[in-house]
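Chemist: So here's query27.pdb (PDB, C-alpha atoms, pLDDT in the B column).
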```pdb
MODEL        1
ATOM      1  CA  MET A  28      71.432  71.123  82.484  1.00 74.00           C
ATOM      2  CA  VAL A  29      71.310  74.326  80.454  1.00 90.00           C
ATOM      3  CA  LEU A  30      68.280  73.663  78.259  1.00 96.00           C
ATOM      4  CA  TYR A  31      66.269  76.759  77.466  1.00 98.00           C
ATOM      5  CA  LYS A  32      69.166  79.086  76.661  1.00 97.00           C
ATOM      6  CA  LYS A  33      70.351  76.696  73.948  1.00 97.00           C
ATOM      7  CA  TRP A  34      66.906  75.704  72.727  1.00 98.00           C
ATOM      8  CA  CYS A  35      64.668  78.770  72.684  1.00 98.00           C
ATOM      9  CA  ASP A  36      64.459  82.500  72.250  1.00 97.00           C
ATOM     10  CA  ALA A  37      62.755  84.007  75.291  1.00 97.00           C
ATOM     11  CA  THR A  38      60.624  87.099  75.762  1.00 98.00           C
ATOM     12  CA  LYS A  39      60.218  88.153  79.377  1.00 98.00           C
ATOM     13  CA  GLU A  40      57.854  90.773  80.752  1.00 97.00           C
ATOM     14  CA  LYS A  41      57.692  91.825  84.385  1.00 97.00           C
ATOM     15  CA  ASP A  42      55.254  94.015  86.313  1.00 95.00           C
ATOM     16  CA  LYS A  43      56.150  94.120  89.989  1.00 94.00           C
ATOM     17  CA  ARG A  44      55.732  90.511  91.163  1.00 96.00           C
ATOM     18  CA  LYS A  45      54.128  89.258  87.954  1.00 98.00           C
ATOM     19  CA  ARG A  46      56.196  87.667  85.187  1.00 98.00           C
ATOM     20  CA  TYR A  47      55.067  86.617  81.726  1.00 98.00           C
ATOM     21  CA  TRP A  48      57.599  84.486  79.860  1.00 98.00           C
ATOM     22  CA  THR A  49      57.262  83.084  76.348  1.00 98.00           C
ATOM     23  CA  TYR A  50      59.671  80.739  74.592  1.00 98.00           C
ATOM     24  CA  VAL A  51      59.971  79.888  70.894  1.00 98.00           C
ATOM     25  CA  GLU A  52      62.386  77.353  69.424  1.00 97.00           C
ATOM     26  CA  LYS A  53      65.489  78.817  67.793  1.00 97.00           C
ATOM     27  CA  ASP A  54      66.495  77.727  64.313  1.00 96.00           C
ATOM     28  CA  GLY A  55      68.496  74.593  64.998  1.00 96.00           C
ATOM     29  CA  GLY A  56      67.731  74.796  68.702  1.00 97.00           C
ATOM     30  CA  ARG A  57      66.140  71.385  68.886  1.00 97.00           C
ATOM     31  CA  ASP A  58      69.205  69.784  67.361  1.00 97.00           C
ATOM     32  CA  GLU A  59      71.310  71.457  70.053  1.00 96.00           C
ATOM     33  CA  ILE A  60      69.375  69.943  72.952  1.00 97.00           C
ATOM     34  CA  ARG A  61      67.881  66.702  71.597  1.00 97.00           C
ATOM     35  CA  ASP A  62      70.421  64.315  73.142  1.00 96.00           C
ATOM     36  CA  ASP A  63      70.642  66.184  76.434  1.00 97.00           C
ATOM     37  CA  LEU A  64      66.872  66.470  76.737  1.00 98.00           C
ATOM     38  CA  ALA A  65      66.447  62.741  76.116  1.00 97.00           C
ATOM     39  CA  GLU A  66      68.907  62.003  78.921  1.00 97.00           C
ATOM     40  CA  THR A  67      67.163  64.490  81.188  1.00 97.00           C
ATOM     41  CA  MET A  68      63.840  62.811  80.490  1.00 97.00           C
ATOM     42  CA  ARG A  69      65.314  59.443  81.493  1.00 97.00           C
ATOM     43  CA  SER A  70      66.571  60.972  84.727  1.00 97.00           C
ATOM     44  CA  HIS A  71      63.040  61.991  85.675  1.00 97.00           C
ATOM     45  CA  TYR A  72      61.924  58.356  85.558  1.00 96.00           C
ATOM     46  CA  ASP A  73      64.993  56.624  87.006  1.00 96.00           C
ATOM     47  CA  ARG A  74      68.467  57.379  88.281  1.00 96.00           C
ATOM     48  CA  LEU A  75      70.935  57.533  85.410  1.00 96.00           C
ATOM     49  CA  GLU A  76      73.426  55.418  87.334  1.00 96.00           C
ATOM     50  CA  ARG A  77      70.831  52.632  87.606  1.00 96.00           C
ATOM     51  CA  ILE A  78      70.242  52.740  83.863  1.00 95.00           C
ATOM     52  CA  ALA A  79      74.021  52.618  83.285  1.00 95.00           C
ATOM     53  CA  ASP A  80      74.279  49.637  85.619  1.00 96.00           C
ATOM     54  CA  ASP A  81      71.520  47.834  83.690  1.00 95.00           C
ATOM     55  CA  VAL A  82      73.431  48.444  80.458  1.00 94.00           C
ATOM     56  CA  GLN A  83      76.661  47.112  81.952  1.00 95.00           C
ATOM     57  CA  ARG A  84      75.046  43.984  83.367  1.00 96.00           C
ATOM     58  CA  LEU A  85      72.408  43.188  80.748  1.00 94.00           C
ATOM     59  CA  GLY A  86      73.298  45.060  77.577  1.00 94.00           C
ATOM     60  CA  TYR A  87      71.577  47.900  75.768  1.00 93.00           C
ATOM     61  CA  LYS A  88      68.549  45.995  74.494  1.00 93.00           C
ATOM     62  CA  VAL A  89      67.470  44.638  77.879  1.00 95.00           C
ATOM     63  CA  ALA A  90      68.292  47.895  79.672  1.00 94.00           C
ATOM     64  CA  ALA A  91      66.120  49.776  77.182  1.00 94.00           C
ATOM     65  CA  GLU A  92      63.257  47.362  77.838  1.00 95.00           C
ATOM     66  CA  ILE A  93      63.514  47.970  81.589  1.00 95.00           C
ATOM     67  CA  LEU A  94      63.443  51.725  81.013  1.00 95.00           C
ATOM     68  CA  ARG A  95      60.498  51.423  78.625  1.00 94.00           C
ATOM     69  CA  THR A  96      58.369  49.852  81.356  1.00 94.00           C
ATOM     70  CA  GLN A  97      58.639  53.128  83.268  1.00 94.00           C
ATOM     71  CA  LEU A  98      57.860  55.509  80.397  1.00 96.00           C
ATOM     72  CA  PRO A  99      54.273  56.333  79.382  1.00 95.00           C
ATOM     73  CA  GLN A 100      53.087  54.837  76.114  1.00 93.00           C
ATOM     74  CA  THR A 101      49.888  56.833  75.534  1.00 95.00           C
ATOM     75  CA  ASP A 102      49.851  60.235  73.823  1.00 94.00           C
ATOM     76  CA  LYS A 103      48.070  61.807  76.799  1.00 94.00           C
ATOM     77  CA  GLY A 104      50.454  60.323  79.332  1.00 95.00           C
ATOM     78  CA  ARG A 105      53.529  61.412  77.400  1.00 96.00           C
ATOM     79  CA  SER A 106      52.194  64.918  76.865  1.00 96.00           C
ATOM     80  CA  GLY A 107      51.414  65.426  80.549  1.00 95.00           C
ATOM     81  CA  ASP A 108      54.706  63.988  81.757  1.00 96.00           C
ATOM     82  CA  LEU A 109      56.814  66.019  79.339  1.00 97.00           C
ATOM     83  CA  GLY A 110      55.019  69.164  80.479  1.00 97.00           C
ATOM     84  CA  GLU A 111      56.049  68.442  84.068  1.00 97.00           C
ATOM     85  CA  ILE A 112      59.614  67.626  83.034  1.00 98.00           C
ATOM     86  CA  LEU A 113      60.047  70.840  81.052  1.00 98.00           C
ATOM     87  CA  ALA A 114      58.477  72.883  83.850  1.00 98.00           C
ATOM     88  CA  THR A 115      60.867  71.365  86.393  1.00 98.00           C
ATOM     89  CA  GLU A 116      63.871  72.147  84.214  1.00 98.00           C
ATOM     90  CA  LEU A 117      62.677  75.738  83.728  1.00 98.00           C
ATOM     91  CA  VAL A 118      62.314  76.326  87.474  1.00 98.00           C
ATOM     92  CA  GLU A 119      65.824  75.085  88.169  1.00 97.00           C
ATOM     93  CA  GLU A 120      67.428  76.877  85.227  1.00 96.00           C
ATOM     94  CA  GLU A 121      65.636  80.231  85.348  1.00 96.00           C
ATOM     95  CA  ILE A 122      64.477  80.741  88.942  1.00 95.00           C
ATOM     96  CA  GLY A 123      67.140  78.983  90.965  1.00 87.00           C
ATOM     97  CA  LEU A 124      64.884  76.991  93.255  1.00 95.00           C
ATOM     98  CA  ARG A 125      65.265  73.221  93.328  1.00 95.00           C
ATOM     99  CA  VAL A 126      62.536  70.802  92.418  1.00 97.00           C
ATOM    100  CA  PRO A 127      64.115  68.331  94.817  1.00 96.00           C
ATOM    101  CA  VAL A 128      62.083  65.201  94.061  1.00 95.00           C
ATOM    102  CA  ARG A 129      61.632  63.721  90.582  1.00 95.00           C
ATOM    103  CA  ARG A 130      58.144  62.531  91.309  1.00 94.00           C
ATOM    104  CA  LEU A 131      57.665  60.648  88.003  1.00 95.00           C
ATOM    105  CA  ARG A 132      59.947  57.984  89.480  1.00 94.00           C
ATOM    106  CA  TYR A 133      57.170  57.167  91.931  1.00 93.00           C
ATOM    107  CA  LYS A 134      54.225  56.666  89.572  1.00 86.00           C
ATOM    108  CA  ASP A 135      52.108  53.589  90.308  1.00 82.00           C
ATOM    109  CA  GLY A 136      51.295  53.161  86.619  1.00 79.00           C
ATOM    110  CA  ARG A 137      53.321  54.474  83.719  1.00 78.00           C
ATOM    111  CA  ASN A 138      50.276  55.810  81.837  1.00 71.00           C
ATOM    112  CA  MET A 139      48.592  57.269  84.916  1.00 73.00           C
ATOM    113  CA  ALA A 140      48.784  60.898  85.995  1.00 74.00           C
ATOM    114  CA  MET A 141      49.962  61.503  89.548  1.00 75.00           C
ATOM    115  CA  ARG A 142      47.686  63.351  91.904  1.00 82.00           C
ATOM    116  CA  GLY A 143      48.624  66.508  93.770  1.00 89.00           C
ATOM    117  CA  ASP A 144      50.693  69.524  92.751  1.00 95.00           C
ATOM    118  CA  ASP A 145      52.470  69.014  89.422  1.00 96.00           C
ATOM    119  CA  PHE A 146      55.772  70.350  90.731  1.00 97.00           C
ATOM    120  CA  ILE A 147      57.050  72.009  93.886  1.00 97.00           C
ATOM    121  CA  GLY A 148      60.118  74.204  93.937  1.00 97.00           C
ATOM    122  CA  ALA A 149      61.886  74.650  97.261  1.00 97.00           C
ATOM    123  CA  GLY A 150      64.853  76.483  98.692  1.00 95.00           C
ATOM    124  CA  TYR A 151      65.864  79.289 101.002  1.00 95.00           C
ATOM    125  CA  GLY A 152      65.644  82.982 100.223  1.00 87.00           C
ATOM    126  CA  GLY A 153      64.929  86.495 101.414  1.00 81.00           C
ATOM    127  CA  ASP A 154      66.944  88.534 103.875  1.00 79.00           C
ATOM    128  CA  ASP A 155      66.530  85.839 106.523  1.00 83.00           C
ATOM    129  CA  SER A 156      67.398  82.897 104.202  1.00 87.00           C
ATOM    130  CA  LYS A 157      64.300  81.035 105.384  1.00 93.00           C
ATOM    131  CA  LEU A 158      62.157  78.524 103.505  1.00 96.00           C
ATOM    132  CA  TRP A 159      60.792  79.592 100.114  1.00 97.00           C
ATOM    133  CA  LEU A 160      58.391  77.535  97.968  1.00 98.00           C
ATOM    134  CA  LEU A 161      56.969  77.539  94.470  1.00 98.00           C
ATOM    135  CA  LYS A 162      53.701  75.762  93.653  1.00 98.00           C
ATOM    136  CA  GLY A 163      53.384  74.793  90.004  1.00 98.00           C
ATOM    137  CA  GLU A 164      50.809  73.546  87.551  1.00 98.00           C
ATOM    138  CA  ALA A 165      51.899  72.265  84.109  1.00 97.00           C
ATOM    139  CA  LYS A 166      49.699  71.917  81.030  1.00 97.00           C
ATOM    140  CA  SER A 167      50.671  70.444  77.662  1.00 97.00           C
ATOM    141  CA  ASN A 168      48.199  70.873  74.803  1.00 97.00           C
ATOM    142  CA  LYS A 169      48.228  70.717  71.019  1.00 96.00           C
ATOM    143  CA  VAL A 170      45.763  73.619  71.172  1.00 97.00           C
ATOM    144  CA  LEU A 171      45.822  75.646  74.380  1.00 96.00           C
ATOM    145  CA  GLY A 172      42.582  77.424  75.293  1.00 96.00           C
ATOM    146  CA  LYS A 173      40.951  79.432  78.048  1.00 96.00           C
ATOM    147  CA  ALA A 174      39.303  76.452  79.761  1.00 97.00           C
ATOM    148  CA  THR A 175      42.677  74.821  80.402  1.00 96.00           C
ATOM    149  CA  VAL A 176      44.170  78.049  81.756  1.00 97.00           C
ATOM    150  CA  THR A 177      41.178  78.654  84.034  1.00 97.00           C
ATOM    151  CA  SER A 178      41.365  75.106  85.350  1.00 96.00           C
ATOM    152  CA  ALA A 179      45.087  75.408  86.088  1.00 97.00           C
ATOM    153  CA  ARG A 180      44.615  78.666  88.003  1.00 97.00           C
ATOM    154  CA  LYS A 181      41.861  77.072  90.065  1.00 97.00           C
ATOM    155  CA  VAL A 182      44.288  74.346  91.100  1.00 96.00           C
ATOM    156  CA  LEU A 183      46.975  76.884  92.018  1.00 97.00           C
ATOM    157  CA  ASN A 184      44.528  78.797  94.206  1.00 96.00           C
ATOM    158  CA  ARG A 185      43.160  75.805  96.121  1.00 95.00           C
ATOM    159  CA  ASP A 186      44.316  75.260  99.709  1.00 94.00           C
ATOM    160  CA  ASN A 187      44.551  79.049 100.006  1.00 94.00           C
ATOM    161  CA  GLY A 188      47.354  79.047  97.453  1.00 96.00           C
ATOM    162  CA  ARG A 189      49.533  76.742  99.561  1.00 97.00           C
ATOM    163  CA  CYS A 190      51.133  73.564  98.299  1.00 97.00           C
ATOM    164  CA  THR A 191      48.682  70.772  99.005  1.00 96.00           C
ATOM    165  CA  PRO A 192      49.624  69.035 102.260  1.00 96.00           C
ATOM    166  CA  ASP A 193      49.875  65.562 100.730  1.00 95.00           C
ATOM    167  CA  SER A 194      52.146  66.810  97.929  1.00 96.00           C
ATOM    168  CA  LEU A 195      54.391  68.713 100.337  1.00 97.00           C
ATOM    169  CA  ALA A 196      54.567  65.753 102.726  1.00 97.00           C
ATOM    170  CA  PHE A 197      55.499  63.454  99.833  1.00 96.00           C
ATOM    171  CA  VAL A 198      58.442  65.687  98.893  1.00 97.00           C
ATOM    172  CA  ALA A 199      59.473  66.073 102.530  1.00 98.00           C
ATOM    173  CA  ASN A 200      59.453  62.332 103.197  1.00 97.00           C
ATOM    174  CA  ARG A 201      61.518  61.541 100.098  1.00 97.00           C
ATOM    175  CA  LEU A 202      64.120  64.108 101.181  1.00 97.00           C
ATOM    176  CA  LEU A 203      64.246  62.645 104.679  1.00 97.00           C
ATOM    177  CA  GLU A 204      65.277  59.323 103.114  1.00 97.00           C
ATOM    178  CA  SER A 205      68.394  60.946 101.634  1.00 95.00           C
ATOM    179  CA  ASN A 206      71.957  60.536 102.874  1.00 96.00           C
ATOM    180  CA  ASP A 207      72.641  64.207 102.109  1.00 96.00           C
ATOM    181  CA  ASP A 208      72.499  66.497 105.157  1.00 97.00           C
ATOM    182  CA  GLY A 209      71.148  69.394 103.087  1.00 96.00           C
ATOM    183  CA  ASP A 210      68.333  67.276 101.724  1.00 97.00           C
ATOM    184  CA  VAL A 211      67.437  66.065 105.204  1.00 97.00           C
ATOM    185  CA  GLN A 212      67.301  69.613 106.581  1.00 97.00           C
ATOM    186  CA  LEU A 213      65.074  70.748 103.714  1.00 97.00           C
ATOM    187  CA  GLY A 214      62.888  67.708 104.276  1.00 98.00           C
ATOM    188  CA  ARG A 215      62.485  68.576 107.960  1.00 98.00           C
ATOM    189  CA  ASP A 216      61.572  72.168 107.133  1.00 97.00           C
ATOM    190  CA  LEU A 217      58.999  71.029 104.574  1.00 97.00           C
ATOM    191  CA  ARG A 218      57.539  68.474 106.963  1.00 97.00           C
ATOM    192  CA  ASP A 219      57.269  71.139 109.665  1.00 97.00           C
ATOM    193  CA  GLU A 220      55.460  73.403 107.213  1.00 96.00           C
ATOM    194  CA  VAL A 221      52.895  70.664 106.510  1.00 96.00           C
ATOM    195  CA  GLY A 222      51.867  70.800 110.151  1.00 96.00           C
ATOM    196  CA  LEU A 223      52.545  74.397 111.161  1.00 95.00           C
ATOM    197  CA  LYS A 224      51.448  76.231 107.973  1.00 94.00           C
ATOM    198  CA  THR A 225      53.444  79.289 109.066  1.00 93.00           C
ATOM    199  CA  LEU A 226      54.884  80.255 105.683  1.00 94.00           C
ATOM    200  CA  ARG A 227      53.425  83.555 104.478  1.00 95.00           C
ATOM    201  CA  ALA A 228      51.778  83.808 101.056  1.00 94.00           C
ATOM    202  CA  ASP A 229      54.581  86.070  99.836  1.00 94.00           C
ATOM    203  CA  ARG A 230      56.999  83.146 100.219  1.00 96.00           C
ATOM    204  CA  ILE A 231      54.892  80.687  98.199  1.00 97.00           C
ATOM    205  CA  ASP A 232      55.228  81.629  94.527  1.00 97.00           C
ATOM    206  CA  HIS A 233      52.963  80.301  91.782  1.00 98.00           C
ATOM    207  CA  MET A 234      53.815  79.141  88.262  1.00 98.00           C
ATOM    208  CA  LEU A 235      51.377  78.303  85.488  1.00 98.00           C
ATOM    209  CA  PHE A 236      53.515  76.534  82.897  1.00 98.00           C
ATOM    210  CA  THR A 237      52.175  75.678  79.431  1.00 98.00           C
ATOM    211  CA  ILE A 238      53.602  74.023  76.343  1.00 98.00           C
ATOM    212  CA  SER A 239      51.436  74.174  73.264  1.00 97.00           C
ATOM    213  CA  GLY A 240      51.283  73.967  69.502  1.00 97.00           C
ATOM    214  CA  ASN A 241      49.345  77.210  69.089  1.00 95.00           C
ATOM    215  CA  GLY A 242      51.624  79.405  71.141  1.00 84.00           C
ATOM    216  CA  PRO A 243      50.559  81.736  73.960  1.00 92.00           C
ATOM    217  CA  HIS A 244      46.771  81.965  74.027  1.00 91.00           C
ATOM    218  CA  ALA A 245      45.361  85.388  74.961  1.00 94.00           C
ATOM    219  CA  SER A 246      43.869  83.889  78.122  1.00 96.00           C
ATOM    220  CA  LEU A 247      47.350  83.527  79.605  1.00 97.00           C
ATOM    221  CA  LYS A 248      47.857  87.277  79.869  1.00 96.00           C
ATOM    222  CA  GLY A 249      44.327  87.673  81.147  1.00 96.00           C
ATOM    223  CA  ASP A 250      45.008  85.063  83.790  1.00 96.00           C
ATOM    224  CA  LEU A 251      48.167  86.829  84.924  1.00 97.00           C
ATOM    225  CA  GLU A 252      46.365  90.163  85.123  1.00 96.00           C
ATOM    226  CA  GLY A 253      43.771  88.615  87.419  1.00 96.00           C
ATOM    227  CA  ALA A 254      46.260  86.757  89.611  1.00 96.00           C
ATOM    228  CA  GLY A 255      46.983  87.891  93.151  1.00 92.00           C
ATOM    229  CA  THR A 256      49.734  90.384  93.911  1.00 94.00           C
ATOM    230  CA  ASN A 257      50.804  88.963  97.286  1.00 95.00           C
ATOM    231  CA  ARG A 258      53.338  86.506  95.772  1.00 97.00           C
ATOM    232  CA  ASP A 259      55.564  86.088  92.719  1.00 97.00           C
ATOM    233  CA  GLN A 260      53.438  84.915  89.794  1.00 98.00           C
ATOM    234  CA  TYR A 261      54.965  83.228  86.756  1.00 98.00           C
ATOM    235  CA  VAL A 262      52.926  82.517  83.635  1.00 98.00           C
ATOM    236  CA  VAL A 263      54.942  80.671  80.996  1.00 98.00           C
ATOM    237  CA  ASN A 264      54.334  79.373  77.482  1.00 98.00           C
ATOM    238  CA  VAL A 265      56.687  77.267  75.387  1.00 98.00           C
ATOM    239  CA  HIS A 266      55.517  77.268  71.766  1.00 98.00           C
ATOM    240  CA  ILE A 267      56.303  74.027  69.928  1.00 97.00           C
ATOM    241  CA  GLU A 268      54.593  74.240  66.558  1.00 96.00           C
ATOM    242  CA  ASP A 269      54.748  70.478  65.914  1.00 97.00           C
ATOM    243  CA  HIS A 270      53.705  69.766  69.494  1.00 97.00           C
ATOM    244  CA  GLN A 271      52.603  66.147  69.078  1.00 97.00           C
ATOM    245  CA  ASP A 272      55.427  65.170  66.723  1.00 97.00           C
ATOM    246  CA  PHE A 273      57.925  66.715  69.136  1.00 98.00           C
ATOM    247  CA  ILE A 274      56.610  64.631  72.031  1.00 98.00           C
ATOM    248  CA  LYS A 275      56.680  61.439  69.965  1.00 97.00           C
ATOM    249  CA  GLU A 276      60.199  62.193  68.739  1.00 97.00           C
ATOM    250  CA  MET A 277      61.540  62.872  72.220  1.00 97.00           C
ATOM    251  CA  TYR A 278      60.101  59.734  73.790  1.00 97.00           C
ATOM    252  CA  GLN A 279      61.507  57.628  70.968  1.00 96.00           C
ATOM    253  CA  LYS A 280      64.867  59.247  71.616  1.00 96.00           C
ATOM    254  CA  ALA A 281      64.598  58.714  75.365  1.00 97.00           C
ATOM    255  CA  GLU A 282      63.812  55.012  74.893  1.00 95.00           C
ATOM    256  CA  ASP A 283      66.782  54.501  72.582  1.00 93.00           C
ATOM    257  CA  LEU A 284      69.830  53.727  74.704  1.00 91.00           C
ATOM    258  CA  GLY A 285      71.969  52.887  71.690  1.00 80.00           C
ATOM    259  CA  ASP A 286      73.809  49.660  70.963  1.00 70.00           C
ATOM    260  CA  ASP A 287      77.477  50.354  71.676  1.00 53.00           C
TER     261      ASP A 287
ENDMDL
END
```
What would you get if you wrote out this structure as structure tokens?

Modeler:
Amino acid sequence: MVLYKKWCDATKEKDKRKRYWTYVEKDGGRDEIRDDLAETMRSHYDRLERIADDVQRLGYKVAAEILRTQLPQTDKGRSGDLGEILATELVEEEIGLRVPVRRLRYKDGRNMAMRGDDFIGAGYGGDDSKLWLLKGEAKSNKVLGKATVTSARKVLNRDNGRCTPDSLAFVANRLLESNDDGDVQLGRDLRDEVGLKTLRADRIDHMLFTISGNGPHASLKGDLEGAGTNRDQYVVNVHIEDHQDFIKEMYQKAEDLGDD
């Protein structure tokens, strides 16, 4: 879906392979995307066609209860999940790579955070149209500070800046279960990369994605300045002034399937 162009005003700075993007809600922007974002959130937890089938068979009230069992109910869980959802949508809308697996569908507890890389973008690029990856870390905070930014960068740099093998294998194996030939081919290439580790650093981009109530903390620019120059680096902040109220509002909207 087109989310950010309708929702936010963006400021984008670029210095060679380093990009610093900030987003602020437009006047009336939230009203423009509220319904679509709620549906997108549902799609990260379950297939929309399954939800529609539940509604057809069981009615809206029961279908909503089934969906609710998959959505986090704690403030921390909702904040973390929404950060990953918004990061995923940004990658696909603004960068053009796919985040091919909606990993929140595979949580073993709705209030638990999943281990591994927060999101992995994948596709084919360059002059040779070979595999290209993006390793991402998402943070959602009422008040964003330096400690959170430093921690996120540490995670991006681990495993020599590569996607962690277990995270990459998880994505690969889900794609190999698909009936789509393109998904299967991408899954094979990702699975090969888990074992061969032949992808150069300049084909594994990094994104540090943040959503916060206090806007872009100064540490974000400092982090980008200190980041390596051997890959594309994206540092992103989405400023939502009423951060916690926004999260509560959107999960209430996502849980509400209507009654007609």

Chemist: Considering all atoms listed in the file, state which residue in the set A:Lys43, A:Ala79, A:Thr96, A:Val29 is at the smallest distance from Glu282 (chain A).

Modeler: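 Looking at the shortest contact to Glu282 (chain A), the residue is A:Thr96.
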
Chemist: Here is a test: counting only C-alpha atoms, which residue of A:Lys88, A:Lys134, A:Lys169, A:Lys45 is nearest to Tyr72 (chain A)?

Modeler: A:Lys134

Chemist: Neighbouring residues of Ile60 (chain A) were defined as those with any atom within 12 Å, considering all atoms listed in the file; residues of the same chain fewer than 4 positions away were excluded. Please report them as a list in words.

Modeler: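 So, after excluding close chain neighbours, the residues are Met28, Val29, Leu30, Tyr31, Lys32, Lys33, Trp34, Cys35, Glu52, Lys53, Asp54, Gly55, Gly56, Leu64, Ala65, Glu66, Thr67, Met68, Met277 and Lys280 of chain A.
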
Chemist: Just give me the residues with any atom within 8 Å of (63.8, 67.2, 104.4), file coordinates, counting all atoms listed in the file, written as a list in words.

Modeler: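 Nearby residues: Val198, Ala199, Asn200, Arg201, Leu202, Leu203, Gly209, Asp210, Val211, Gln212, Leu213, Gly214, Arg215, Asp216, Leu217 and Arg218 of chain A.
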
Chemist: Can you pull out every residue within 10 Å of region 244-251 of chain A, counting all atoms listed in the file, but drop anything in the same chain fewer than 2 positions away, and send it as a PyMOL selection string?

Modeler: chain A and resi 45-47+170-177+179-180+235-237+239+241-242+253-256+260-264

Chemist: Got a sec to resolve the PyMOL selection byres ((chain A and resi 227) around 12) on this structure and send the residues as a list in words?

Modeler: Lys157, Leu158, Trp159, Leu160, Asn187, Gly188, Arg189, Cys190, Glu220, Leu223, Lys224, Thr225, Leu226, Ala228, Asp229, Arg230, Ile231, Asp232, Asn257 and Arg258 of chain A

Chemist: Interatomic distance between CA of Val128 (chain A) and CA of Ile274 (chain A)?

Modeler: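 According to the coordinates, CA of Val128 (chain A) and CA of Ile274 (chain A) are separated by 22.7 Å.
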
Chemist: What does the structure give for the distance between CA of Ser106 (chain A) and CA of Glu268 (chain A), in Å to one decimal?

Modeler: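 Pair CA of Ser106 (chain A) / CA of Glu268 (chain A) returns 14.1 Å.
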
Chemist: Smallest atom-to-atom distance to Gln279 (chain A): which of A:Thr38, A:Asn168, A:Gln83, A:Gln100, using all atoms listed in the file?

Modeler: A:Gln100

Chemist: Have a look at A:Asp207, A:Val126, A:Ala149, A:Asn138 and name the one nearest to Arg95 (chain A); count all atoms listed in the file.

Modeler: A:Asn138

Chemist: Here's the selection I'm unsure about, the PyMOL selection byres ((chain A and resi 118-124) around 6); applied to the file above, which residues does it give, as an MDAnalysis selection string?

Modeler: chainID A and resid 115:117 125 148:150

Chemist: Find the distance between CA of Ile78 (chain A) and CA of Arg132 (chain A) and write it in Å to one decimal.

Modeler: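 Spanning CA of Ile78 (chain A) to CA of Arg132 (chain A) is a straight-line distance of 12.8 Å.
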
Chemist: Name the residues within 7 Å of (54.6, 75.5, 89.5), counting all atoms listed in the file in the file's coordinates, and put them as a ChimeraX atom specification.

Modeler: /A:145-147,161-165,233-236

Chemist: As a check of understanding, name the residues that the PyMOL selection byres ((chain A and resi 82) around 12) selects in the supplied structure, as an mmCIF file with C-alpha atoms, in the frame of the given file.

Modeler:
```cif
data_model
loop_
_atom_site.group_PDB
_atom_site.id
_atom_site.type_symbol
_atom_site.label_atom_id
_atom_site.label_comp_id
_atom_site.auth_asym_id
_atom_site.auth_seq_id
_atom_site.Cartn_x
_atom_site.Cartn_y
_atom_site.Cartn_z
ATOM 1 C CA LEU A 75 70.935 57.533 85.410
ATOM 2 C CA GLU A 76 73.426 55.418 87.334
ATOM 3 C CA ARG A 77 70.831 52.632 87.606
ATOM 4 C CA ILE A 78 70.242 52.740 83.863
ATOM 5 C CA ALA A 79 74.021 52.618 83.285
ATOM 6 C CA ASP A 80 74.279 49.637 85.619
ATOM 7 C CA ASP A 81 71.520 47.834 83.690
ATOM 8 C CA GLN A 83 76.661 47.112 81.952
ATOM 9 C CA ARG A 84 75.046 43.984 83.367
ATOM 10 C CA LEU A 85 72.408 43.188 80.748
ATOM 11 C CA GLY A 86 73.298 45.060 77.577
ATOM 12 C CA TYR A 87 71.577 47.900 75.768
ATOM 13 C CA LYS A 88 68.549 45.995 74.494
ATOM 14 C CA VAL A 89 67.470 44.638 77.879
ATOM 15 C CA ALA A 90 68.292 47.895 79.672
ATOM 16 C CA ALA A 91 66.120 49.776 77.182
ATOM 17 C CA GLU A 92 63.257 47.362 77.838
ATOM 18 C CA ILE A 93 63.514 47.970 81.589
ATOM 19 C CA LEU A 94 63.443 51.725 81.013
ATOM 20 C CA ASP A 283 66.782 54.501 72.582
ATOM 21 C CA LEU A 284 69.830 53.727 74.704
ATOM 22 C CA GLY A 285 71.969 52.887 71.690
ATOM 23 C CA ASP A 286 73.809 49.660 70.963
ATOM 24 C CA ASP A 287 77.477 50.354 71.676
#
```

Chemist: So that I can check the surroundings of Ala140 (chain A), please list as a list in words every protein, DNA and RNA residue that reaches within 10 Å of it, counting all atoms listed in the file and ignoring chain neighbours fewer than 2 positions away.

Modeler: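 The residues satisfying every condition are Pro99, Lys103, Gly104, Arg105, Gly107, Asp108, Leu131, Lys134, Asp135, Gly136, Arg137, Asn138, Arg142, Gly143 and Asp145 of chain A.
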
Chemist: Could you add N, CA, C and O atoms to region 198-202 of chain A and give me the result as a compact mmCIF listing (two decimals), in the coordinates of the input?

Modeler:
```txt
# COMPACT_ATOMS: atom_id res chain seq x y z
N VAL A 198 57.11 65.16 99.17
CA VAL A 198 58.44 65.69 98.89
C VAL A 198 59.30 65.63 100.15
O VAL A 198 60.46 65.19 100.12
N ALA A 199 58.73 66.07 101.27
CA ALA A 199 59.47 66.07 102.53
C ALA A 199 59.96 64.68 102.90
O ALA A 199 61.13 64.48 103.27
N ASN A 200 59.10 63.69 102.78
CA ASN A 200 59.45 62.33 103.20
C ASN A 200 60.52 61.71 102.29
O ASN A 200 61.36 60.95 102.75
N ARG A 201 60.47 62.05 100.99
CA ARG A 201 61.52 61.54 100.10
C ARG A 201 62.87 62.17 100.46
O ARG A 201 63.90 61.50 100.44
N LEU A 202 62.87 63.45 100.81
CA LEU A 202 64.12 64.11 101.18
C LEU A 202 64.68 63.55 102.49
O LEU A 202 65.89 63.43 102.66
```
